[in-house]
$ cat model.tsv   # TSV, C-alpha atoms
chain	number	residue	atom	x	y	z
Z	1	MET	CA	-173.24	33.30	-19.33
Z	2	SER	CA	-171.25	30.12	-19.55
Z	3	GLY	CA	-168.51	29.04	-17.22
Z	4	ALA	CA	-164.91	30.09	-17.63
Z	5	TYR	CA	-161.70	28.14	-17.89
Z	6	ALA	CA	-158.55	29.89	-16.60
Z	7	TYR	CA	-155.23	29.65	-18.45
Z	8	CYS	CA	-152.89	32.18	-16.89
Z	9	VAL	CA	-152.49	35.67	-15.53
Z	10	THR	CA	-150.52	38.63	-16.90
Z	11	PRO	CA	-150.21	42.26	-15.81
Z	12	GLY	CA	-153.20	44.52	-16.31
Z	13	GLY	CA	-153.40	46.17	-19.71
Z	14	SER	CA	-152.38	43.03	-21.60
Z	15	GLU	CA	-153.95	42.29	-24.97
Z	16	PRO	CA	-154.41	38.77	-26.31
Z	17	PRO	CA	-153.20	38.10	-29.84
Z	18	PRO	CA	-156.22	38.09	-32.16
Z	19	ASP	CA	-155.68	34.55	-33.41
Z	20	VAL	CA	-155.15	32.79	-30.09
Z	21	ARG	CA	-157.42	29.78	-29.56
Z	22	GLY	CA	-157.86	27.74	-26.46
Z	23	ILE	CA	-159.36	24.41	-25.49
Z	24	GLY	CA	-161.79	23.10	-28.06
Z	25	GLY	CA	-160.68	25.78	-30.51
Z	26	ARG	CA	-162.65	28.39	-28.58
Z	27	GLY	CA	-161.53	31.96	-28.20
Z	28	VAL	CA	-159.83	33.62	-25.28
Z	29	PHE	CA	-160.86	36.77	-23.45
Z	30	LEU	CA	-159.29	38.77	-20.66
Z	31	VAL	CA	-160.86	39.91	-17.42
Z	32	GLU	CA	-159.01	42.53	-15.39
Z	33	ARG	CA	-159.22	42.79	-11.66
Z	34	GLY	CA	-156.85	44.42	-9.20
Z	35	GLY	CA	-154.14	45.11	-11.76
Z	36	LEU	CA	-154.16	41.53	-13.03
Z	37	ALA	CA	-155.34	40.32	-16.42
Z	38	LEU	CA	-156.87	36.88	-16.24
Z	39	TRP	CA	-156.81	34.89	-19.48
Z	40	LEU	CA	-160.06	32.95	-19.71
Z	41	GLY	CA	-161.94	30.88	-22.21
Z	42	PRO	CA	-165.67	30.16	-22.38
Z	43	SER	CA	-166.33	26.63	-21.19
Z	44	ASP	CA	-169.56	24.96	-20.16
Z	45	GLU	CA	-167.81	22.31	-18.14
Z	46	LYS	CA	-164.48	21.39	-16.72
Z	47	PRO	CA	-162.24	20.16	-19.56
Z	48	ARG	CA	-161.04	16.59	-19.43
Z	49	PRO	CA	-157.29	16.09	-19.03
Z	50	THR	CA	-156.65	14.78	-22.51
Z	51	VAL	CA	-153.41	15.30	-24.37
Z	52	GLU	CA	-155.14	17.55	-26.89
Z	53	ASN	CA	-156.66	19.72	-24.16
Z	54	VAL	CA	-153.31	19.92	-22.41
Z	55	ARG	CA	-151.70	21.10	-25.64
Z	56	GLU	CA	-154.37	23.69	-26.19
Z	57	HIS	CA	-153.99	24.96	-22.63
Z	58	ASN	CA	-150.26	25.30	-23.22
Z	59	ALA	CA	-150.82	27.08	-26.54
Z	60	VAL	CA	-152.74	29.86	-24.79
Z	61	VAL	CA	-150.11	30.12	-22.05
Z	62	GLU	CA	-147.38	30.35	-24.67
Z	63	ALA	CA	-149.26	33.05	-26.56
Z	64	ALA	CA	-149.58	35.05	-23.34
Z	65	TRP	CA	-145.96	34.47	-22.43
Z	66	ARG	CA	-144.76	35.62	-25.86
Z	67	SER	CA	-146.94	38.68	-26.03
Z	68	CYS	CA	-146.49	39.96	-22.45
Z	69	GLU	CA	-143.49	40.80	-20.33
Z	70	ALA	CA	-144.73	38.62	-17.51
Z	71	CYS	CA	-146.98	35.58	-17.37
Z	72	VAL	CA	-147.85	33.21	-14.55
Z	73	PRO	CA	-149.27	30.00	-16.08
Z	74	PHE	CA	-152.07	28.19	-14.32
Z	75	ARG	CA	-152.16	24.48	-13.78
Z	76	PHE	CA	-154.56	22.56	-15.99
Z	77	GLY	CA	-158.14	22.10	-14.90
Z	78	GLN	CA	-159.20	25.33	-13.21
Z	79	TRP	CA	-162.79	25.93	-14.19
Z	80	PHE	CA	-165.26	28.40	-12.73
Z	81	GLY	CA	-168.98	28.90	-12.98
Z	82	SER	CA	-168.54	32.36	-14.46
Z	83	PRO	CA	-165.80	34.84	-15.43
Z	84	ASP	CA	-166.65	36.82	-12.30
Z	85	ALA	CA	-166.06	33.78	-10.13
Z	86	ALA	CA	-162.66	33.27	-11.78
Z	87	ALA	CA	-161.74	36.92	-11.28
Z	88	GLU	CA	-162.75	36.73	-7.63
Z	89	ALA	CA	-160.61	33.66	-7.09
Z	90	ALA	CA	-157.64	35.39	-8.70
Z	91	GLU	CA	-158.24	38.52	-6.68
Z	92	GLN	CA	-158.16	36.54	-3.46
Z	93	ARG	CA	-154.64	35.50	-4.36
Z	94	GLY	CA	-153.86	38.84	-5.97
Z	95	GLU	CA	-150.88	39.66	-3.79
Z	96	GLU	CA	-149.19	36.32	-4.42
Z	97	LEU	CA	-149.94	36.40	-8.14
Z	98	GLY	CA	-148.67	39.97	-8.40
Z	99	GLY	CA	-145.47	38.98	-6.62
Z	100	ALA	CA	-145.02	36.00	-8.92
Z	101	LEU	CA	-145.54	38.21	-11.98
Z	102	GLU	CA	-142.75	40.47	-10.80
Z	103	ARG	CA	-140.41	37.51	-10.27
Z	104	VAL	CA	-140.97	36.07	-13.73
Z	105	ARG	CA	-141.02	39.37	-15.61
Z	106	GLY	CA	-138.70	39.06	-18.60
Z	107	MET	CA	-137.79	35.48	-17.68
Z	108	VAL	CA	-137.96	32.09	-19.32
Z	109	GLU	CA	-137.89	28.68	-17.67
Z	110	PHE	CA	-135.50	25.87	-18.45
Z	111	GLY	CA	-135.78	22.32	-17.15
Z	112	VAL	CA	-132.80	20.07	-16.47
Z	113	ARG	CA	-133.32	16.37	-15.96
Z	114	VAL	CA	-130.45	14.67	-14.19
Z	115	LEU	CA	-129.99	11.32	-15.88
Z	116	GLN	CA	-127.75	8.73	-14.27
Z	117	LEU	CA	-126.44	6.82	-17.22
Z	118	SER	CA	-124.02	4.37	-15.68
Z	119	GLY	CA	-122.29	3.07	-12.60
Z	120	GLU	CA	-122.74	3.78	-8.90
Z	121	GLY	CA	-125.70	1.50	-8.39
Z	122	GLY	CA	-127.85	3.29	-10.88
Z	123	SER	CA	-131.16	2.17	-12.18
Z	124	GLY	CA	-129.43	-0.27	-14.51
Z	125	ASP	CA	-128.59	-2.67	-11.70
Z	126	PRO	CA	-130.25	-6.06	-12.10
Z	127	PRO	CA	-132.91	-6.70	-9.48
Z	128	GLU	CA	-132.05	-9.09	-6.70
Z	129	ARG	CA	-134.08	-12.26	-6.96
Z	130	MET	CA	-135.72	-13.80	-3.94
Z	131	GLY	CA	-133.66	-16.72	-2.70
Z	132	SER	CA	-130.92	-16.14	-5.23
Z	133	ALA	CA	-128.21	-18.55	-6.29
Z	134	SER	CA	-125.94	-17.16	-3.59
Z	135	GLY	CA	-127.75	-19.43	-1.17
Z	136	ARG	CA	-129.09	-16.58	0.94
Z	137	GLY	CA	-132.67	-16.78	2.04
Z	138	PRO	CA	-135.38	-14.62	0.63
Z	139	GLY	CA	-135.31	-12.33	3.67
Z	140	THR	CA	-131.62	-11.58	3.28
Z	141	ALA	CA	-132.02	-11.12	-0.44
Z	142	TYR	CA	-134.87	-8.71	0.13
Z	143	MET	CA	-132.90	-6.65	2.65
Z	144	THR	CA	-129.88	-6.58	0.35
Z	145	SER	CA	-132.03	-5.44	-2.51
Z	146	LEU	CA	-133.70	-2.78	-0.36
Z	147	ARG	CA	-130.35	-1.50	0.90
Z	148	ARG	CA	-129.05	-1.28	-2.63
Z	149	LYS	CA	-132.15	0.56	-3.77
Z	150	LEU	CA	-131.88	3.09	-0.95
Z	151	ALA	CA	-128.18	3.61	-1.62
Z	152	SER	CA	-128.96	4.16	-5.27
Z	153	GLU	CA	-131.65	6.72	-4.45
Z	154	ALA	CA	-129.29	8.51	-2.07
Z	155	THR	CA	-126.63	8.63	-4.76
Z	156	ARG	CA	-129.04	10.09	-7.26
Z	157	GLU	CA	-130.20	12.70	-4.80
Z	158	GLU	CA	-126.63	13.61	-3.92
Z	159	ARG	CA	-125.78	13.90	-7.60
Z	160	ALA	CA	-128.80	16.10	-8.26
Z	161	ARG	CA	-127.84	18.42	-5.44
Z	162	ASP	CA	-124.21	18.51	-6.61
Z	163	VAL	CA	-125.39	19.42	-10.09
Z	164	LYS	CA	-127.68	22.09	-8.68
Z	165	ARG	CA	-124.81	23.65	-6.74
Z	166	ALA	CA	-122.43	23.48	-9.68
Z	167	LEU	CA	-124.96	25.06	-12.02
Z	168	LEU	CA	-125.74	27.90	-9.63
Z	169	GLU	CA	-122.04	28.53	-9.14
Z	170	ARG	CA	-121.21	28.39	-12.85
Z	171	SER	CA	-124.30	30.33	-13.92
Z	172	ALA	CA	-124.15	33.17	-11.44
Z	173	GLY	CA	-126.21	35.96	-12.95
Z	174	LEU	CA	-127.87	33.65	-15.44
Z	175	ILE	CA	-130.15	31.85	-13.01
Z	176	ALA	CA	-132.51	34.15	-11.18
Z	177	GLU	CA	-134.22	31.39	-9.26
Z	178	ASP	CA	-134.22	27.62	-9.15
Z	179	ARG	CA	-136.47	24.78	-8.05
Z	180	VAL	CA	-135.60	21.16	-7.40
Z	181	SER	CA	-138.13	18.39	-7.93
Z	182	PRO	CA	-137.48	14.91	-6.57
Z	183	PRO	CA	-138.49	11.91	-8.65
Z	184	THR	CA	-142.22	11.34	-8.88
Z	185	GLY	CA	-141.98	7.70	-9.90
Z	186	GLU	CA	-139.70	4.70	-9.96
Z	187	ASP	CA	-137.47	6.26	-12.59
Z	188	GLY	CA	-135.45	8.14	-9.98
Z	189	VAL	CA	-134.94	11.13	-12.26
Z	190	TRP	CA	-134.45	14.43	-10.46
Z	191	GLU	CA	-135.47	17.59	-12.22
Z	192	LEU	CA	-134.23	21.11	-11.80
Z	193	ALA	CA	-136.06	24.18	-13.05
Z	194	HIS	CA	-134.30	27.46	-13.65
Z	195	LEU	CA	-135.59	30.95	-14.22
Z	196	VAL	CA	-133.35	32.60	-16.79
Z	197	PRO	CA	-133.53	36.17	-18.18
Z	198	ARG	CA	-134.63	36.41	-21.79
Z	199	GLY	CA	-131.57	36.92	-23.94
Z	200	SER	CA	-129.38	34.73	-21.70
Z	201	GLU	CA	-130.54	31.41	-23.12
Z	202	GLU	CA	-127.35	30.62	-24.98
Z	203	GLY	CA	-125.12	31.52	-22.02
Z	204	TYR	CA	-127.25	29.30	-19.82
Z	205	ARG	CA	-126.94	26.38	-22.20
Z	206	GLU	CA	-123.18	26.85	-22.32
Z	207	ALA	CA	-123.08	26.72	-18.53
Z	208	VAL	CA	-125.09	23.50	-18.40
Z	209	HIS	CA	-122.90	22.09	-21.11
Z	210	GLU	CA	-119.79	22.79	-19.07
Z	211	VAL	CA	-121.19	21.50	-15.80
Z	212	GLU	CA	-122.31	18.29	-17.45
Z	213	GLY	CA	-118.70	17.57	-18.35
Z	214	ARG	CA	-117.70	17.65	-14.70
Z	215	PHE	CA	-119.83	14.62	-13.81
Z	216	PRO	CA	-118.78	11.42	-15.56
Z	217	GLY	CA	-121.65	9.04	-16.24
Z	218	LEU	CA	-124.19	11.79	-15.96
Z	219	GLU	CA	-126.27	13.36	-18.67
Z	220	LEU	CA	-128.18	16.58	-18.23
Z	221	LEU	CA	-131.22	16.77	-20.44
Z	222	VAL	CA	-132.10	20.40	-20.95
Z	223	THR	CA	-135.53	21.48	-22.12
Z	224	GLY	CA	-136.81	24.94	-22.82
Z	225	PRO	CA	-137.30	27.77	-22.97
Z	226	TRP	CA	-140.75	27.37	-21.43
Z	227	PRO	CA	-143.25	29.72	-19.87
Z	228	PRO	CA	-142.44	29.83	-16.14
Z	229	TYR	CA	-144.75	27.00	-15.07
Z	230	SER	CA	-142.55	26.09	-12.12
Z	231	PHE	CA	-142.31	29.56	-10.61
Z	232	GLY	CA	-145.83	30.43	-9.63
Z	233	PRO	CA	-146.79	31.55	-6.14
G	234	MET	CA	-128.43	23.13	-50.70
G	235	THR	CA	-128.62	21.01	-47.59
G	236	GLU	CA	-132.00	20.79	-46.01
G	237	GLU	CA	-131.97	21.51	-42.30
G	238	ARG	CA	-134.48	19.37	-40.47
G	239	PRO	CA	-134.84	17.53	-37.20
G	240	LEU	CA	-133.11	14.18	-37.09
G	241	ASP	CA	-136.15	12.39	-35.82
G	242	THR	CA	-139.39	14.28	-35.84
G	243	GLY	CA	-141.25	11.59	-33.94
G	244	LEU	CA	-138.64	11.56	-31.22
G	245	GLU	CA	-138.73	15.30	-30.86
G	246	GLU	CA	-142.49	15.37	-30.71
G	247	ASP	CA	-142.57	12.67	-28.04
G	248	MET	CA	-140.11	14.54	-25.88
G	249	VAL	CA	-141.77	17.90	-26.32
G	250	LEU	CA	-145.18	16.41	-25.66
G	251	SER	CA	-144.05	14.75	-22.46
G	252	GLU	CA	-142.52	18.00	-21.26
G	253	ILE	CA	-145.69	19.91	-22.02
G	254	VAL	CA	-147.83	17.30	-20.29
G	255	SER	CA	-145.73	17.21	-17.15
G	256	ARG	CA	-145.62	21.00	-16.90
G	257	VAL	CA	-149.24	21.74	-17.66
G	258	LEU	CA	-150.57	19.03	-15.35
G	259	ASP	CA	-148.05	19.18	-12.57
G	260	ARG	CA	-146.92	22.80	-12.41
G	261	GLY	CA	-148.48	26.20	-12.63
G	262	ALA	CA	-150.33	28.37	-10.19
G	263	VAL	CA	-153.54	27.20	-8.57
G	264	ILE	CA	-156.30	29.66	-7.73
G	265	THR	CA	-159.01	27.17	-6.91
G	266	GLY	CA	-159.08	24.24	-4.53
G	267	ASP	CA	-160.82	22.15	-7.15
G	268	VAL	CA	-157.84	21.04	-9.22
G	269	VAL	CA	-158.48	18.34	-11.72
G	270	ILE	CA	-155.17	16.53	-11.49
G	271	SER	CA	-155.72	14.31	-8.51
G	272	VAL	CA	-156.85	10.89	-9.60
G	273	ALA	CA	-157.10	10.36	-13.31
G	274	GLY	CA	-154.49	12.99	-14.06
G	275	VAL	CA	-151.79	10.96	-12.39
G	276	ASP	CA	-152.03	8.40	-15.14
G	277	LEU	CA	-151.58	11.06	-17.76
G	278	ILE	CA	-148.56	12.53	-15.99
G	279	GLN	CA	-147.05	9.09	-15.80
G	280	LEU	CA	-147.71	8.62	-19.49
G	281	GLY	CA	-145.77	11.78	-20.14
G	282	LEU	CA	-142.79	10.73	-18.06
G	283	ASN	CA	-142.71	7.32	-19.65
G	284	LEU	CA	-142.74	8.86	-23.08
G	285	TYR	CA	-139.97	11.15	-22.05
G	286	LEU	CA	-137.71	8.46	-20.67
G	287	ALA	CA	-138.37	6.13	-23.54
G	288	SER	CA	-137.43	8.91	-25.90
G	289	ALA	CA	-134.27	9.79	-24.01
G	290	GLU	CA	-133.20	6.16	-24.10
G	291	LYS	CA	-133.97	5.99	-27.78
G	292	ALA	CA	-131.93	9.10	-28.39
G	293	ARG	CA	-128.96	7.71	-26.51
G	294	SER	CA	-129.05	4.34	-28.18
G	295	ALA	CA	-129.33	5.98	-31.55
G	296	GLY	CA	-126.49	8.36	-30.77
G	297	MET	CA	-128.56	11.32	-31.83
G	298	THR	CA	-130.22	14.30	-30.33
G	299	PRO	CA	-133.46	16.00	-31.15
G	300	VAL	CA	-133.25	19.48	-32.54
G	301	GLY	CA	-135.43	22.14	-31.01
G	302	PRO	CA	-136.61	23.06	-27.57
G	303	VAL	CA	-135.49	19.72	-26.16
G	304	SER	CA	-131.78	19.16	-26.27
G	305	THR	CA	-129.14	16.99	-24.69
G	306	PRO	CA	-125.91	18.93	-24.29
G	307	GLY	CA	-123.64	15.90	-24.54
G	308	SER	CA	-125.40	14.50	-27.55
G	309	ARG	CA	-125.62	17.92	-29.14
G	310	ARG	CA	-121.88	18.37	-28.71
G	311	ALA	CA	-121.21	15.02	-30.35
G	312	LEU	CA	-123.58	15.85	-33.15
G	313	GLU	CA	-121.92	19.18	-33.79
G	314	GLU	CA	-118.49	17.63	-33.84
G	315	LYS	CA	-119.68	14.92	-36.16
G	316	SER	CA	-121.39	17.28	-38.53
G	317	GLY	CA	-118.72	19.95	-38.34
G	318	ARG	CA	-121.44	22.53	-37.96
G	319	GLY	CA	-122.09	25.09	-35.30
G	320	ARG	CA	-124.86	24.91	-32.80
G	321	SER	CA	-128.27	23.96	-33.98
G	322	GLU	CA	-130.70	26.79	-34.34
G	323	ASP	CA	-132.37	27.66	-31.10
G	324	ARG	CA	-136.12	27.78	-31.02
G	325	ARG	CA	-136.98	30.75	-28.97
G	326	PRO	CA	-140.40	31.93	-27.98
G	327	GLY	CA	-142.29	32.52	-31.15
G	328	GLY	CA	-140.00	30.27	-33.12
G	329	GLY	CA	-142.70	27.72	-33.71
G	330	GLY	CA	-140.99	24.64	-32.28
G	331	ARG	CA	-143.69	23.62	-29.90
G	332	GLU	CA	-146.42	24.79	-32.20
G	333	GLU	CA	-145.37	22.06	-34.59
G	334	ALA	CA	-145.82	19.48	-31.88
G	335	ALA	CA	-149.10	21.01	-30.83
G	336	SER	CA	-150.53	20.48	-34.27
G	337	ALA	CA	-149.42	16.92	-34.57
G	338	GLY	CA	-152.87	15.57	-33.78
G	339	GLU	CA	-151.96	13.37	-30.85
G	340	GLU	CA	-154.87	11.18	-29.87
G	341	ALA	CA	-153.64	9.67	-26.65
G	342	SER	CA	-156.56	10.90	-24.66
G	343	ASP	CA	-157.05	9.43	-21.23
G	344	GLU	CA	-160.34	7.61	-21.10
G	345	ARG	CA	-159.90	6.62	-17.50
G	346	ASP	CA	-160.81	9.96	-16.08
G	347	GLY	CA	-164.38	10.56	-15.21
G	348	PRO	CA	-166.73	12.18	-12.79
G	349	GLY	CA	-164.45	11.35	-9.92
G	350	GLU	CA	-161.54	13.31	-11.28
G	351	ALA	CA	-162.03	16.41	-9.19
G	352	GLY	CA	-160.80	17.03	-5.75
G	353	ALA	CA	-157.25	17.38	-4.65

$ encode --input "model.tsv" --output "structure tokens"
Amino acid sequence: MSGAYAYCVTPGGSEPPPDVRGIGGRGVFLVERGGLALWLGPSDEKPRPTVENVREHNAVVEAAWRSCEACVPFRFGQWFGSPDAAAEAAEQRGEELGGALERVRGMVEFGVRVLQLSGEGGSGDPPERMGSASGRGPGTAYMTSLRRKLASEATREERARDVKRALLERSAGLIAEDRVSPPTGEDGVWELAHLVPRGSEEGYREAVHEVEGRFPGLELLVTGPWPPYSFGP
Amino acid sequence: MTEERPLDTGLEEDMVLSEIVSRVLDRGAVITGDVVISVAGVDLIQLGLNLYLASAEKARSAGMTPVGPVSTPGSRRALEEKSGRGRSEDRRPGGGGREEAASAGEEASDERDGPGEAGA
């Protein structure tokens, strides 16, 4: 028996759609253990993290998410020597996965990227040059630049947290849970993730729309609905 | 009869792709300690974010918004006012929005990953 690649987990008794295809166009099968249905695909080796493979991983997760009331997506790249080994690994985290399934039951995920478009020392500030025309030495210029950068980062973080608070306040009942992700790179973009009940998508968008208007110079980029990637155990 | 279609299919696909990439590689539950996204994967995540930000900038400078699962409320509002139409159709689960992107045949595979990719 070949190895197995794991896509996601749903409650026991789930059935995969007949036409769902995973990485490499290969089929998907379910293994049940401890009340959990593990969505697996046959795979002789660990898939490479290519864009195509990432898309195919997501396609299976979306198929599970659409066809089941609850779905906890797995992160890319979880390969096991056999389906049994995958089921054992899932069973070891069965309590956490079961809890996560309950939390995301009937929910969709939205992402909100907090984009600072202008002013307040945003990312559009020109970089300070070493030994600038102001006559200051390179050390002073460096410290000035560093101070400005830190102030800018603090402003962005403060804005992100203000937006988070405003959204939770405005969207009471529409946001079941939220996560905040700090910037992962130099871009300084904060990201919020919200768990929203199916059927409340339009109300949620309206709320974001309204909150965006309260923050001049700020744009909230909303994406979704997604499977609840950000709300696993 | 007016044809309803995305304003910029390439823009939408870029944004959707970057969102998929960042979620699939950076989020989701982990049931094994041997997660692939540790070394080579970082480059791919960064690729996604760069695509995303480039697309957002492009959208702003063009004064337009993509239609579909990725939307910018401010731009959408402006678009609606400009067009005199109601809200763009929402692509809900099963609506096929991301499936279109998934079949676009992107070939930006990361050749830098290799045997050393494993290990968190």

$ residues_near_point --input "model.tsv" --point "(-128.0, 21.9, -7.3)" --cutoff "12 Å" --atoms "all atoms listed in the file" --output "PyMOL selection string"
chain Z and resi 112-114+156-171+175+177-182+190-194+208+211

$ write_last_selection --input "model.tsv" --atoms "C-alpha atoms" --output "CSV table (one decimal), keeping the file's coordinate frame"
chain,number,residue,atom,x,y,z
Z,112,VAL,CA,-132.8,20.1,-16.5
Z,113,ARG,CA,-133.3,16.4,-16.0
Z,114,VAL,CA,-130.4,14.7,-14.2
Z,156,ARG,CA,-129.0,10.1,-7.3
Z,157,GLU,CA,-130.2,12.7,-4.8
Z,158,GLU,CA,-126.6,13.6,-3.9
Z,159,ARG,CA,-125.8,13.9,-7.6
Z,160,ALA,CA,-128.8,16.1,-8.3
Z,161,ARG,CA,-127.8,18.4,-5.4
Z,162,ASP,CA,-124.2,18.5,-6.6
Z,163,VAL,CA,-125.4,19.4,-10.1
Z,164,LYS,CA,-127.7,22.1,-8.7
Z,165,ARG,CA,-124.8,23.6,-6.7
Z,166,ALA,CA,-122.4,23.5,-9.7
Z,167,LEU,CA,-125.0,25.1,-12.0
Z,168,LEU,CA,-125.7,27.9,-9.6
Z,169,GLU,CA,-122.0,28.5,-9.1
Z,170,ARG,CA,-121.2,28.4,-12.8
Z,171,SER,CA,-124.3,30.3,-13.9
Z,175,ILE,CA,-130.2,31.8,-13.0
Z,177,GLU,CA,-134.2,31.4,-9.3
Z,178,ASP,CA,-134.2,27.6,-9.2
Z,179,ARG,CA,-136.5,24.8,-8.0
Z,180,VAL,CA,-135.6,21.2,-7.4
Z,181,SER,CA,-138.1,18.4,-7.9
Z,182,PRO,CA,-137.5,14.9,-6.6
Z,190,TRP,CA,-134.4,14.4,-10.5
Z,191,GLU,CA,-135.5,17.6,-12.2
Z,192,LEU,CA,-134.2,21.1,-11.8
Z,193,ALA,CA,-136.1,24.2,-13.0
Z,194,HIS,CA,-134.3,27.5,-13.6
Z,208,VAL,CA,-125.1,23.5,-18.4
Z,211,VAL,CA,-121.2,21.5,-15.8

$ residues_around --input "model.tsv" --residues "Z:Val196" --least-positions-apart "4" --cutoff "10 Å" --atoms "only C-alpha atoms" --output "JSON, numbers by chain"
{"Z": [104, 106, 107, 108, 109, 110, 171, 173, 174, 175, 176, 177, 178, 200, 201, 203, 204, 225, 228]}

$ closest_atom_pairs --input "model.tsv" --of "chain Z" --to "chain G" --cutoff "7 Å" --atoms "all atoms listed in the file" --output "Markdown table"
| residue | atom | partner | partner_atom | distance |
| --- | --- | --- | --- | --- |
| Z:Pro49 | CA | G:Gly274 | CA | 6.5 |
| Z:Thr50 | CA | G:Ser342 | CA | 4.4 |
| Z:Val51 | CA | G:Ser342 | CA | 5.4 |
| Z:Glu52 | CA | G:Glu339 | CA | 6.6 |
| Z:Val54 | CA | G:Val254 | CA | 6.4 |
| Z:Arg55 | CA | G:Ala335 | CA | 5.8 |
| Z:Asn58 | CA | G:Val257 | CA | 6.7 |
| Z:Arg66 | CA | G:Pro326 | CA | 6.1 |
| Z:Val72 | CA | G:Ala262 | CA | 7.0 |
| Z:Pro73 | CA | G:Gly261 | CA | 5.2 |
| Z:Phe74 | CA | G:Gly261 | CA | 4.4 |
| Z:Arg75 | CA | G:Gly261 | CA | 4.2 |
| Z:Phe76 | CA | G:Leu258 | CA | 5.4 |
| Z:Gly77 | CA | G:Val269 | CA | 4.9 |
| Z:Gln78 | CA | G:Val268 | CA | 6.0 |
| Z:Ala89 | CA | G:Ile264 | CA | 5.9 |
| Z:Ala90 | CA | G:Ile264 | CA | 6.0 |
| Z:Arg93 | CA | G:Ile264 | CA | 6.9 |
| Z:His209 | CA | G:Pro306 | CA | 5.4 |
| Z:Glu219 | CA | G:Gly307 | CA | 6.9 |
| Z:Leu220 | CA | G:Thr305 | CA | 6.5 |
| Z:Leu221 | CA | G:Thr305 | CA | 4.7 |
| Z:Val222 | CA | G:Ser304 | CA | 5.5 |
| Z:Thr223 | CA | G:Val303 | CA | 4.4 |
| Z:Gly224 | CA | G:Pro302 | CA | 5.1 |
| Z:Pro225 | CA | G:Pro302 | CA | 6.6 |
| Z:Tyr229 | CA | G:Gly261 | CA | 4.5 |
| Z:Ser230 | CA | G:Arg260 | CA | 5.5 |
| Z:Gly232 | CA | G:Ala262 | CA | 5.0 |
| Z:Pro233 | CA | G:Ala262 | CA | 6.2 |

$ atom_distance --input "model.tsv" --atom1 "atom CA of Z:Pro16" --atom2 "atom CA of Z:Ser43"
17.8 Å

$ decode --input "model.tsv" --residues "stretch 94-104 of chain Z" --atoms "N, CA, C and O atoms" --output "JSON list (two decimals), in the first residue's frame"
[["chain", "number", "residue", "atom", "x", "y", "z"],
["Z", 94, "GLY", "N", -7.14, 13.56, 18.41],
["Z", 94, "GLY", "CA", -8.58, 13.44, 18.19],
["Z", 94, "GLY", "C", -9.41, 14.42, 18.99],
["Z", 94, "GLY", "O", -10.37, 15.01, 18.47],
["Z", 95, "GLU", "N", -9.03, 14.63, 20.24],
["Z", 95, "GLU", "CA", -9.83, 15.53, 21.08],
["Z", 95, "GLU", "C", -9.77, 16.96, 20.56],
["Z", 95, "GLU", "O", -10.79, 17.64, 20.46],
["Z", 96, "GLU", "N", -8.56, 17.39, 20.20],
["Z", 96, "GLU", "CA", -8.41, 18.76, 19.68],
["Z", 96, "GLU", "C", -9.12, 18.91, 18.33],
["Z", 96, "GLU", "O", -9.77, 19.92, 18.07],
["Z", 97, "LEU", "N", -8.95, 17.92, 17.48],
["Z", 97, "LEU", "CA", -9.60, 18.01, 16.16],
["Z", 97, "LEU", "C", -11.13, 17.99, 16.31],
["Z", 97, "LEU", "O", -11.83, 18.74, 15.61],
["Z", 98, "GLY", "N", -11.62, 17.15, 17.22],
["Z", 98, "GLY", "CA", -13.06, 17.11, 17.44],
["Z", 98, "GLY", "C", -13.58, 18.45, 17.96],
["Z", 98, "GLY", "O", -14.63, 18.93, 17.52],
["Z", 99, "GLY", "N", -12.82, 19.06, 18.87],
["Z", 99, "GLY", "CA", -13.21, 20.37, 19.39],
["Z", 99, "GLY", "C", -13.22, 21.42, 18.29],
["Z", 99, "GLY", "O", -14.12, 22.26, 18.21],
["Z", 100, "ALA", "N", -12.20, 21.36, 17.44],
["Z", 100, "ALA", "CA", -12.12, 22.33, 16.33],
["Z", 100, "ALA", "C", -13.29, 22.13, 15.37],
["Z", 100, "ALA", "O", -13.86, 23.11, 14.86],
["Z", 101, "LEU", "N", -13.65, 20.89, 15.11],
["Z", 101, "LEU", "CA", -14.78, 20.62, 14.21],
["Z", 101, "LEU", "C", -16.06, 21.23, 14.76],
["Z", 101, "LEU", "O", -16.88, 21.78, 14.01],
["Z", 102, "GLU", "N", -16.23, 21.14, 16.06],
["Z", 102, "GLU", "CA", -17.43, 21.74, 16.66],
["Z", 102, "GLU", "C", -17.42, 23.26, 16.51],
["Z", 102, "GLU", "O", -18.44, 23.87, 16.23],
["Z", 103, "ARG", "N", -16.25, 23.85, 16.70],
["Z", 103, "ARG", "CA", -16.15, 25.32, 16.60],
["Z", 103, "ARG", "C", -16.46, 25.83, 15.20],
["Z", 103, "ARG", "O", -17.05, 26.88, 15.02],
["Z", 104, "VAL", "N", -16.04, 25.07, 14.19],
["Z", 104, "VAL", "CA", -16.19, 25.58, 12.81],
["Z", 104, "VAL", "C", -17.45, 25.03, 12.13],
["Z", 104, "VAL", "O", -17.68, 25.32, 10.96]]
